[in-house]
file entry_12.cif (mmCIF, C-alpha atoms)
data_final
loop_
_atom_site.label_atom_id
_atom_site.label_comp_id
_atom_site.auth_asym_id
_atom_site.auth_seq_id
_atom_site.Cartn_x
_atom_site.Cartn_y
_atom_site.Cartn_z
CA MET N 1 10.65 -4.45 -14.90
CA ILE N 2 13.91 -6.12 -13.85
CA ILE N 3 14.02 -7.15 -10.17
CA TYR N 4 17.23 -7.84 -8.24
CA ASP N 5 17.52 -9.27 -4.73
CA ASN N 6 21.21 -8.40 -4.48
CA LEU N 7 23.69 -5.80 -5.69
CA THR N 8 23.73 -6.83 -9.35
CA LEU N 9 25.33 -4.42 -11.81
CA SER N 10 22.78 -2.06 -13.35
CA LYS N 11 21.84 -2.53 -17.00
CA GLY N 12 22.76 1.08 -17.66
CA GLU N 13 23.18 4.53 -16.14
CA SER N 14 20.27 5.15 -13.78
CA ALA N 15 18.09 7.59 -11.88
CA VAL N 16 17.58 5.95 -8.48
CA ALA N 17 14.77 6.59 -5.97
CA LEU N 18 15.91 5.69 -2.45
CA GLY N 19 13.71 4.79 0.50
CA SER N 20 11.70 2.09 2.23
CA PHE N 21 8.53 3.19 0.38
CA ASP N 22 6.42 1.14 2.79
CA GLY N 23 3.13 2.72 1.74
CA LEU N 24 3.84 4.20 -1.70
CA HIS N 25 1.89 7.22 -0.48
CA ALA N 26 1.85 10.69 -2.06
CA GLY N 27 5.24 11.64 -0.60
CA HIS N 28 6.85 8.43 -1.82
CA ARG N 29 5.33 8.84 -5.27
CA LYS N 30 6.82 12.33 -5.53
CA VAL N 31 10.32 10.89 -5.00
CA ILE N 32 9.72 8.01 -7.41
CA SER N 33 8.31 10.34 -10.07
CA SER N 34 11.58 12.29 -9.93
CA ALA N 35 13.45 9.08 -10.80
CA VAL N 36 10.98 8.29 -13.60
CA GLU N 37 11.72 11.75 -15.04
CA GLY N 38 15.30 10.53 -15.50
CA ALA N 39 14.12 8.59 -18.56
CA LYS N 40 14.09 11.93 -20.42
CA GLU N 41 17.88 11.97 -19.98
CA ASP N 42 18.21 8.31 -21.07
CA LEU N 43 18.60 7.14 -17.46
CA LEU N 44 16.98 3.90 -16.27
CA PRO N 45 14.22 4.73 -13.74
CA THR N 46 15.24 2.65 -10.73
CA VAL N 47 14.08 2.08 -7.15
CA LEU N 48 16.45 0.85 -4.45
CA THR N 49 14.54 -0.38 -1.41
CA PHE N 50 14.31 -3.33 0.96
CA ALA N 51 12.66 -6.74 0.80
CA GLU N 52 11.25 -6.04 4.26
CA ASN N 53 10.64 -2.74 6.03
CA PRO N 54 13.58 -2.27 8.47
CA LYS N 55 11.12 -1.02 11.10
CA LYS N 56 8.81 -4.04 10.85
CA ALA N 57 10.29 -5.81 13.86
CA ALA N 58 10.29 -2.68 16.03
CA ASP N 59 7.74 -2.19 18.81
CA GLY N 60 4.89 0.05 17.75
CA PHE N 61 5.45 -0.46 14.00
CA GLY N 62 1.70 -0.74 13.42
CA GLY N 63 1.54 -3.08 10.43
CA LEU N 64 2.01 -3.09 6.68
CA LEU N 65 0.10 -0.85 4.28
CA LEU N 66 0.57 -3.03 1.21
CA SER N 67 2.07 -6.38 0.22
CA GLN N 68 5.36 -6.82 -1.61
CA GLU N 69 3.45 -8.08 -4.67
CA GLU N 70 1.25 -4.98 -4.76
CA LYS N 71 4.28 -2.71 -4.29
CA ILE N 72 6.03 -4.33 -7.27
CA HIS N 73 2.90 -3.98 -9.40
CA LEU N 74 2.44 -0.30 -8.50
CA LEU N 75 6.10 0.55 -9.11
CA GLU N 76 6.00 -1.02 -12.55
CA LYS N 77 2.79 0.86 -13.32
CA MET N 78 4.53 4.13 -12.32
CA GLY N 79 7.27 3.55 -14.89
CA ILE N 80 10.08 1.98 -12.85
CA LYS N 81 12.24 -0.26 -15.06
CA GLN N 82 14.70 -1.62 -12.49
CA LEU N 83 14.03 -2.57 -8.86
CA TYR N 84 16.55 -3.51 -6.16
CA LEU N 85 14.85 -5.37 -3.27
CA LEU N 86 17.78 -5.69 -0.88
CA ASN N 87 18.20 -7.38 2.46
CA PHE N 88 18.61 -4.49 4.91
CA GLU N 89 21.39 -6.37 6.71
CA SER N 90 23.52 -6.27 3.54
CA VAL N 91 23.88 -2.47 3.62
CA LYS N 92 22.94 -1.27 7.12
CA ASP N 93 26.52 -1.17 8.44
CA MET N 94 28.10 0.56 5.44
CA ALA N 95 29.74 3.93 6.02
CA PRO N 96 27.85 6.69 4.15
CA GLU N 97 30.59 7.28 1.57
CA ASP N 98 31.00 3.53 1.00
CA PHE N 99 27.28 3.30 0.25
CA VAL N 100 27.44 6.14 -2.26
CA ARG N 101 30.62 4.86 -3.90
CA GLU N 102 29.98 1.10 -3.93
CA VAL N 103 26.20 0.84 -4.14
CA LEU N 104 25.06 3.97 -5.96
CA SER N 105 28.02 4.79 -8.17
CA SER N 106 29.65 1.42 -8.89
CA THR N 107 26.68 -0.98 -8.80
CA CYS N 108 23.65 1.13 -9.78
CA LYS N 109 25.61 3.43 -12.14
CA THR N 110 23.64 6.28 -10.61
CA LYS N 111 23.70 9.68 -12.31
CA LYS N 112 20.66 11.01 -10.42
CA ALA N 113 19.72 10.07 -6.85
CA CYS N 114 16.22 10.92 -5.61
CA CYS N 115 15.14 10.94 -1.97
CA GLY N 116 12.84 12.59 0.52
CA PHE N 117 13.88 15.44 2.82
CA ASN N 118 14.01 13.03 5.79
CA PHE N 119 15.97 10.24 4.06
CA THR N 120 18.73 8.65 6.14
CA PHE N 121 21.41 6.13 5.23
CA GLY N 122 24.74 4.72 6.34
CA ARG N 123 25.71 2.97 9.55
CA GLY N 124 23.13 3.80 12.22
CA GLY N 125 21.23 6.03 9.81
CA THR N 126 23.60 8.87 10.69
CA ALA N 127 23.73 10.45 7.21
CA GLY N 128 20.88 12.45 5.72
CA SER N 129 19.74 13.90 2.42
CA GLY N 130 22.25 16.76 2.63
CA ASP N 131 25.07 14.24 3.06
CA LEU N 132 23.81 12.34 0.03
CA ARG N 133 24.03 15.52 -2.06
CA ARG N 134 27.53 16.34 -0.76
CA LEU N 135 28.92 12.83 -1.26
CA GLY N 136 27.14 12.42 -4.57
CA ARG N 137 29.04 15.34 -6.08
CA ARG N 138 32.31 13.43 -5.56
CA TYR N 139 31.02 10.64 -7.79
CA GLY N 140 29.20 12.65 -10.45
CA ILE N 141 25.75 12.05 -8.97
CA GLU N 142 23.09 14.78 -9.07
CA THR N 143 20.80 14.62 -6.03
CA SER N 144 17.11 15.56 -6.10
CA ILE N 145 15.65 16.08 -2.60
CA GLU N 146 11.85 16.24 -2.43
CA GLN N 147 10.08 18.15 0.31
CA ALA N 148 7.11 16.77 2.24
CA VAL N 149 3.69 16.50 0.61
CA LEU N 150 1.18 18.23 2.88
CA GLU N 151 -2.40 17.21 3.55
CA GLY N 152 -4.28 19.68 5.75
CA GLY N 153 -1.00 21.47 6.42
CA ILE N 154 0.59 18.32 7.91
CA PRO N 155 3.14 16.09 6.12
CA VAL N 156 1.82 12.86 4.65
CA SER N 157 3.54 9.89 6.30
CA SER N 158 3.04 6.16 6.68
CA THR N 159 2.64 6.60 10.45
CA ARG N 160 -0.14 9.14 9.92
CA ILE N 161 -1.90 6.88 7.42
CA ARG N 162 -1.75 3.90 9.79
CA SER N 163 -3.35 6.01 12.50
CA LEU N 164 -6.16 7.08 10.15
CA ILE N 165 -6.86 3.47 9.15
CA LYS N 166 -7.00 2.35 12.78
CA GLN N 167 -9.54 5.12 13.47
CA GLY N 168 -11.71 4.18 10.49
CA HIS N 169 -10.90 7.28 8.42
CA ALA N 170 -10.73 5.33 5.17
CA GLU N 171 -11.39 8.31 2.88
CA GLU N 172 -8.53 10.39 4.30
CA ALA N 173 -6.16 7.42 4.17
CA ALA N 174 -7.10 6.78 0.52
CA ARG N 175 -6.37 10.42 -0.42
CA MET N 176 -2.86 10.15 1.02
CA LEU N 177 -2.17 6.69 -0.40
CA GLY N 178 -3.60 7.52 -3.83
CA ARG N 179 -5.72 4.37 -3.62
CA PRO N 180 -7.98 2.69 -1.06
CA PHE N 181 -6.28 0.75 1.70
CA GLY N 182 -7.26 -2.90 1.54
CA TYR N 183 -6.34 -6.53 1.13
CA GLU N 184 -5.55 -8.79 -1.77
CA SER N 185 -6.02 -12.36 -0.59
CA PRO N 186 -7.75 -15.64 -1.48
CA VAL N 187 -11.47 -16.11 -0.86
CA ILE N 188 -12.01 -18.79 1.76
CA ALA N 189 -15.06 -20.90 2.56
CA GLY N 190 -17.39 -19.60 5.25
CA ARG N 191 -20.57 -20.92 6.88
CA LYS N 192 -22.70 -19.64 3.96
CA LEU N 193 -25.01 -17.74 6.30
CA GLY N 194 -24.95 -14.86 3.80
CA ARG N 195 -26.71 -17.03 1.23
CA LYS N 196 -29.55 -17.69 3.65
CA LEU N 197 -29.89 -13.94 4.20
CA GLY N 198 -29.87 -13.17 0.47
CA THR N 199 -26.45 -11.52 0.77
CA PRO N 200 -23.81 -14.10 -0.27
CA THR N 201 -20.38 -12.94 0.88
CA LEU N 202 -16.69 -13.30 0.10
CA ASN N 203 -14.72 -14.28 3.19
CA GLN N 204 -11.07 -13.31 3.48
CA ALA N 205 -8.61 -13.58 6.34
CA VAL N 206 -7.19 -10.20 7.33
CA PRO N 207 -3.39 -10.54 6.84
CA VAL N 208 -1.86 -10.71 10.31
CA ASP N 209 1.07 -8.41 9.44
CA PHE N 210 -1.16 -5.66 7.99
CA VAL N 211 -2.57 -2.61 9.73
CA LEU N 212 -5.80 -3.64 11.43
CA PRO N 213 -8.51 -1.13 10.50
CA LYS N 214 -11.22 -0.04 12.88
CA LEU N 215 -13.67 -2.92 13.16
CA GLY N 216 -16.97 -2.28 11.46
CA VAL N 217 -18.77 -2.03 8.12
CA TYR N 218 -17.31 -0.20 5.11
CA ALA N 219 -18.35 0.76 1.60
CA SER N 220 -15.76 -1.03 -0.50
CA SER N 221 -14.41 -1.70 -3.96
CA VAL N 222 -13.93 -5.31 -5.05
CA THR N 223 -11.48 -6.07 -7.84
CA THR N 224 -11.58 -9.47 -9.49
CA GLY N 225 -9.71 -9.86 -12.76
CA SER N 226 -10.17 -6.63 -14.72
CA LYS N 227 -13.55 -5.76 -13.16
CA VAL N 228 -14.32 -3.59 -10.15
CA TYR N 229 -17.58 -3.98 -8.23
CA CYS N 230 -19.25 -2.10 -5.42
CA GLY N 231 -19.12 -3.97 -2.13
CA VAL N 232 -20.06 -3.65 1.52
CA THR N 233 -17.41 -5.15 3.80
CA ASN N 234 -17.57 -6.12 7.45
CA VAL N 235 -14.15 -6.22 9.09
CA GLY N 236 -14.40 -7.89 12.47
CA VAL N 237 -15.59 -10.85 14.50
CA LYS N 238 -19.27 -10.88 13.42
CA PRO N 239 -20.84 -10.49 16.89
CA THR N 240 -24.29 -11.72 15.80
CA VAL N 241 -23.05 -15.14 14.62
CA GLY N 242 -19.58 -15.24 16.17
CA SER N 243 -16.09 -15.67 14.74
CA ARG N 244 -12.82 -16.79 16.32
CA ALA N 245 -10.64 -14.46 14.26
CA VAL N 246 -10.91 -11.11 12.50
CA LEU N 247 -12.28 -11.61 8.98
CA ALA N 248 -13.17 -9.37 6.06
CA GLU N 249 -16.62 -10.42 4.82
CA THR N 250 -17.84 -8.69 1.64
CA TRP N 251 -21.18 -8.66 -0.14
CA MET N 252 -21.34 -7.39 -3.74
CA PRO N 253 -24.98 -6.34 -4.37
CA HIS N 254 -24.75 -6.55 -8.15
CA TYR N 255 -22.31 -9.43 -8.68
CA ARG N 256 -23.92 -12.31 -10.57
CA GLY N 257 -20.85 -14.31 -11.58
CA PRO N 258 -19.54 -17.69 -10.41
CA ASP N 259 -18.36 -18.48 -6.89
CA LEU N 260 -14.94 -16.99 -6.21
CA TYR N 261 -13.69 -19.55 -3.69
CA GLY N 262 -9.91 -19.86 -4.00
CA CYS N 263 -9.65 -16.77 -6.24
CA THR N 264 -7.45 -13.87 -5.17
CA VAL N 265 -9.60 -10.75 -4.82
CA ARG N 266 -8.67 -7.21 -3.78
CA VAL N 267 -11.02 -5.43 -1.41
CA GLY N 268 -10.42 -1.71 -0.87
CA LEU N 269 -12.01 0.07 2.09
CA LEU N 270 -13.65 3.29 0.86
CA LYS N 271 -15.79 4.70 3.68
CA PHE N 272 -16.63 3.65 7.22
CA LEU N 273 -20.41 3.15 7.52
CA ARG N 274 -20.97 1.88 11.06
CA PRO N 275 -19.34 -0.03 13.94
CA GLU N 276 -19.97 -3.74 14.38
CA ARG N 277 -22.94 -4.53 16.54
CA LYS N 278 -24.93 -7.56 17.63
CA PHE N 279 -28.46 -7.91 16.19
CA PRO N 280 -31.32 -9.74 17.94
CA ASP N 281 -31.70 -12.22 15.06
CA LEU N 282 -30.49 -13.06 11.56
CA GLU N 283 -33.48 -11.40 9.90
CA GLN N 284 -32.60 -7.99 11.33
CA LEU N 285 -28.93 -8.56 10.45
CA GLY N 286 -29.92 -9.29 6.84
CA GLU N 287 -32.05 -6.12 6.66
CA GLU N 288 -29.15 -4.02 7.97
CA ILE N 289 -26.68 -5.55 5.49
CA LYS N 290 -29.02 -4.63 2.62
CA ARG N 291 -29.39 -1.11 4.00
CA ASN N 292 -25.61 -0.83 4.21
CA GLY N 293 -25.42 -2.12 0.63
CA GLU N 294 -27.59 0.80 -0.52
CA GLN N 295 -25.33 3.24 1.34
CA ALA N 296 -22.23 1.64 -0.22
CA GLU N 297 -23.69 1.84 -3.73
CA GLU N 298 -24.51 5.52 -3.32
CA TYR N 299 -20.95 6.29 -2.21
CA PHE N 300 -19.37 4.04 -4.84
CA HIS N 301 -21.20 5.64 -7.77
CA GLN N 302 -21.00 9.26 -6.55
CA LYS N 303 -17.44 9.35 -5.20
CA PHE N 304 -15.38 6.30 -6.17
CA SER N 305 -16.46 5.65 -9.81
CA PRO N 306 -15.75 9.24 -10.97
CA MET N 307 -12.34 9.10 -9.23
CA ARG N 308 -11.46 5.83 -11.02
CA ASN N 309 -12.45 7.28 -14.41
CA ALA N 310 -10.70 10.63 -13.97
#
call {"tool": "encode", "arguments": {"input": "entry_12.cif", "output": "structure tokens"}}
result
Amino acid sequence: MIIYDNLTLSKGESAVALGSFDGLHAGHRKVISSAVEGAKEDLLPTVLTFAENPKKAADGFGGLLLSQEEKIHLLEKMGIKQLYLLNFESVKDMAPEDFVREVLSSTCKTKKACCGFNFTFGRGGTAGSGDLRRLGRRYGIETSIEQAVLEGGIPVSSTRIRSLIKQGHAEEAARMLGRPFGYESPVIAGRKLGRKLGTPTLNQAVPVDFVLPKLGVYASSVTTGSKVYCGVTNVGVKPTVGSRAVLAETWMPHYRGPDLYGCTVRVGLLKFLRPERKFPDLEQLGEEIKRNGEQAEEYFHQKFSPMRNA
């Protein structure tokens, strides 16, 4: 996949998916799939988005749902061949027709533009999907407008997914995202209390700009290299032993490989098992972790493994 950080001339005529795509959820994937379909007409499947979510600095944003690196990886996996990661400031003050003429038509060589029903563009976000269709006709651009994807009769949205994650509804969030919400970050050294309890753990800092899930214990998936393991993950401050910051601490019951310190590991939160709580002593904590491990394994093998292999 070719990646541009500015308005570089497209390698060929393109089908362009437009949006911030901050979660790459089911609604976003519907728009992007429409652009990927453009390959059947010899158009380059392309995404035009932003290096940073324009709403990130706004009050009440709520945090990121995935990293830029993971977004790039997922887009390439979906079949996108060309990606524009623009600075929002470079286009935010363009008049709607200037954006269509200069960015879509002249730079991206767009023949098909794909967007969601609620897409806005142009100075102040005053133009919508209908305006894109109207202006596109002037420049030979076909516009495909995708309607909302519904889950439980309600549109899937990044705001809705953030709310679910904050409430601990990991399963519902995963259905809308098309993958478990989680973190991909380096394993850091801890106090090795898990080893003493017979449950050695991976410690990871929770990225400060991400959505903070409900604190507690989750069944999880742990991806290292090409392998995926069952895990049980505590997201929180570890009230029994104490922690100054929120950490994700994961035990993999059946992992027998080398230490993963310094390795980048992805932990996906599958199902909320219980809130954090303080135990009278380390022995009871260890017994509860092992019990949670059994619960995680049951969920992993009954629900998550079949989904991965489907």
call {"tool": "residues_around", "arguments": {"input": "entry_12.cif", "residues": "segment 263-274 of chain N", "least_positions_apart": "5", "cutoff": "6 Å", "atoms": "all atoms listed in the file", "output": "number ranges by chain"}}
result
N: 168, 170-171, 180-187, 216-224
call {"tool": "resolve_selection", "arguments": {"input": "entry_12.cif", "expression": "the PyMOL selection byres ((chain N and resi 289) around 12)", "output": "ChimeraX atom specification"}}
result
/N:194,197-201,216-219,231-234,249-253,273-274,276-277,279,282-288,290-296
call {"tool": "resolve_selection", "arguments": {"input": "entry_12.cif", "expression": "the PyMOL selection byres ((chain N and resi 70) around 12)", "output": "number ranges by chain"}}
result
N: 22-24, 64-69, 71-77, 179, 181-185, 266
call {"tool": "closest_residue", "arguments": {"input": "entry_12.cif", "among": "N:Lys214, N:Lys303, N:Arg137, N:Ser34", "to": "His169 of chain N", "atoms": "all atoms listed in the file"}}
result
N:Lys214
call {"tool": "resolve_selection", "arguments": {"input": "entry_12.cif", "expression": "the PyMOL selection byres ((chain N and resi 86-101) around 12)", "output": "PyMOL selection string"}}
result
chain N and resi 3-8+16+18-20+47-56+83-85+102-113+120-143
call {"tool": "atom_distance", "arguments": {"input": "entry_12.cif", "atom1": "atom CA of Ser163 of chain N", "atom2": "atom CA of Val31 of chain N"}}
result
22.7 Å
call {"tool": "atom_distance", "arguments": {"input": "entry_12.cif", "atom1": "atom CA of Glu146 of chain N", "atom2": "atom CA of Gly38 of chain N"}}
result
14.7 Å
call {"tool": "atom_distance", "arguments": {"input": "entry_12.cif", "atom1": "atom CA of Ala26 of chain N", "atom2": "atom CA of Leu177 of chain N"}}
result
5.9 Å
call {"tool": "residues_around", "arguments": {"input": "entry_12.cif", "residues": "Gly62 of chain N", "least_positions_apart": "5", "cutoff": "8 Å", "atoms": "all atoms listed in the file", "output": "VMD selection string"}}
result
chain N and resid 159 162 210 to 211
call {"tool": "build_atoms", "arguments": {"input": "entry_12.cif", "residues": "segment 148-171 of chain N", "atoms": "N, CA and C atoms", "output": "mmCIF file, in the coordinates of the input"}}
result
data_model
loop_
_atom_site.group_PDB
_atom_site.id
_atom_site.type_symbol
_atom_site.label_atom_id
_atom_site.label_comp_id
_atom_site.auth_asym_id
_atom_site.auth_seq_id
_atom_site.Cartn_x
_atom_site.Cartn_y
_atom_site.Cartn_z
ATOM 1 N N ALA N 148 8.300 17.516 1.810
ATOM 2 C CA ALA N 148 7.110 16.770 2.240
ATOM 3 C C ALA N 148 5.884 17.183 1.421
ATOM 4 N N VAL N 149 5.012 16.214 1.162
ATOM 5 C CA VAL N 149 3.690 16.500 0.610
ATOM 6 C C VAL N 149 2.757 16.748 1.793
ATOM 7 N N LEU N 150 2.045 17.860 1.753
ATOM 8 C CA LEU N 150 1.180 18.230 2.880
ATOM 9 C C LEU N 150 -0.269 17.893 2.593
ATOM 10 N N GLU N 151 -0.950 17.436 3.606
ATOM 11 C CA GLU N 151 -2.400 17.210 3.550
ATOM 12 C C GLU N 151 -2.971 17.857 4.803
ATOM 13 N N GLY N 152 -3.774 18.933 4.606
ATOM 14 C CA GLY N 152 -4.280 19.680 5.750
ATOM 15 C C GLY N 152 -3.176 20.383 6.511
ATOM 16 N N GLY N 153 -2.111 20.756 5.801
ATOM 17 C CA GLY N 153 -1.000 21.470 6.420
ATOM 18 C C GLY N 153 -0.032 20.590 7.183
ATOM 19 N N ILE N 154 -0.259 19.275 7.172
ATOM 20 C CA ILE N 154 0.590 18.320 7.910
ATOM 21 C C ILE N 154 1.204 17.348 6.903
ATOM 22 N N PRO N 155 2.509 17.007 7.070
ATOM 23 C CA PRO N 155 3.140 16.090 6.120
ATOM 24 C C PRO N 155 2.452 14.729 6.053
ATOM 25 N N VAL N 156 2.305 14.234 4.842
ATOM 26 C CA VAL N 156 1.820 12.860 4.650
ATOM 27 C C VAL N 156 2.927 11.910 5.086
ATOM 28 N N SER N 157 2.565 10.892 5.864
ATOM 29 C CA SER N 157 3.540 9.890 6.300
ATOM 30 C C SER N 157 2.838 8.559 6.501
ATOM 31 N N SER N 158 3.610 7.492 6.465
ATOM 32 C CA SER N 158 3.040 6.160 6.680
ATOM 33 C C SER N 158 2.464 6.041 8.085
ATOM 34 N N THR N 159 3.125 6.643 9.059
ATOM 35 C CA THR N 159 2.640 6.600 10.450
ATOM 36 C C THR N 159 1.272 7.275 10.551
ATOM 37 N N ARG N 160 1.130 8.416 9.897
ATOM 38 C CA ARG N 160 -0.140 9.140 9.920
ATOM 39 C C ARG N 160 -1.245 8.312 9.245
ATOM 40 N N ILE N 161 -0.925 7.684 8.146
ATOM 41 C CA ILE N 161 -1.900 6.880 7.420
ATOM 42 C C ILE N 161 -2.333 5.674 8.253
ATOM 43 N N ARG N 162 -1.400 5.031 8.918
ATOM 44 C CA ARG N 162 -1.750 3.900 9.790
ATOM 45 C C ARG N 162 -2.739 4.340 10.871
ATOM 46 N N SER N 163 -2.474 5.499 11.448
ATOM 47 C CA SER N 163 -3.350 6.010 12.500
ATOM 48 C C SER N 163 -4.762 6.258 11.955
ATOM 49 N N LEU N 164 -4.856 6.823 10.758
ATOM 50 C CA LEU N 164 -6.160 7.080 10.150
ATOM 51 C C LEU N 164 -6.926 5.771 9.918
ATOM 52 N N ILE N 165 -6.221 4.760 9.424
ATOM 53 C CA ILE N 165 -6.860 3.470 9.150
ATOM 54 C C ILE N 165 -7.380 2.853 10.443
ATOM 55 N N LYS N 166 -6.595 2.925 11.496
ATOM 56 C CA LYS N 166 -7.000 2.350 12.780
ATOM 57 C C LYS N 166 -8.226 3.073 13.368
ATOM 58 N N GLN N 167 -8.395 4.343 12.979
ATOM 59 C CA GLN N 167 -9.540 5.120 13.470
ATOM 60 C C GLN N 167 -10.744 5.039 12.545
ATOM 61 N N GLY N 168 -10.604 4.326 11.424
ATOM 62 C CA GLY N 168 -11.710 4.180 10.490
ATOM 63 C C GLY N 168 -11.846 5.299 9.471
ATOM 64 N N HIS N 169 -10.840 6.160 9.370
ATOM 65 C CA HIS N 169 -10.900 7.280 8.420
ATOM 66 C C HIS N 169 -10.385 6.823 7.050
ATOM 67 N N ALA N 170 -11.163 5.957 6.420
ATOM 68 C CA ALA N 170 -10.730 5.330 5.170
ATOM 69 C C ALA N 170 -10.576 6.329 4.035
ATOM 70 N N GLU N 171 -11.456 7.325 3.972
ATOM 71 C CA GLU N 171 -11.390 8.310 2.880
ATOM 72 C C GLU N 171 -10.103 9.124 2.953
#
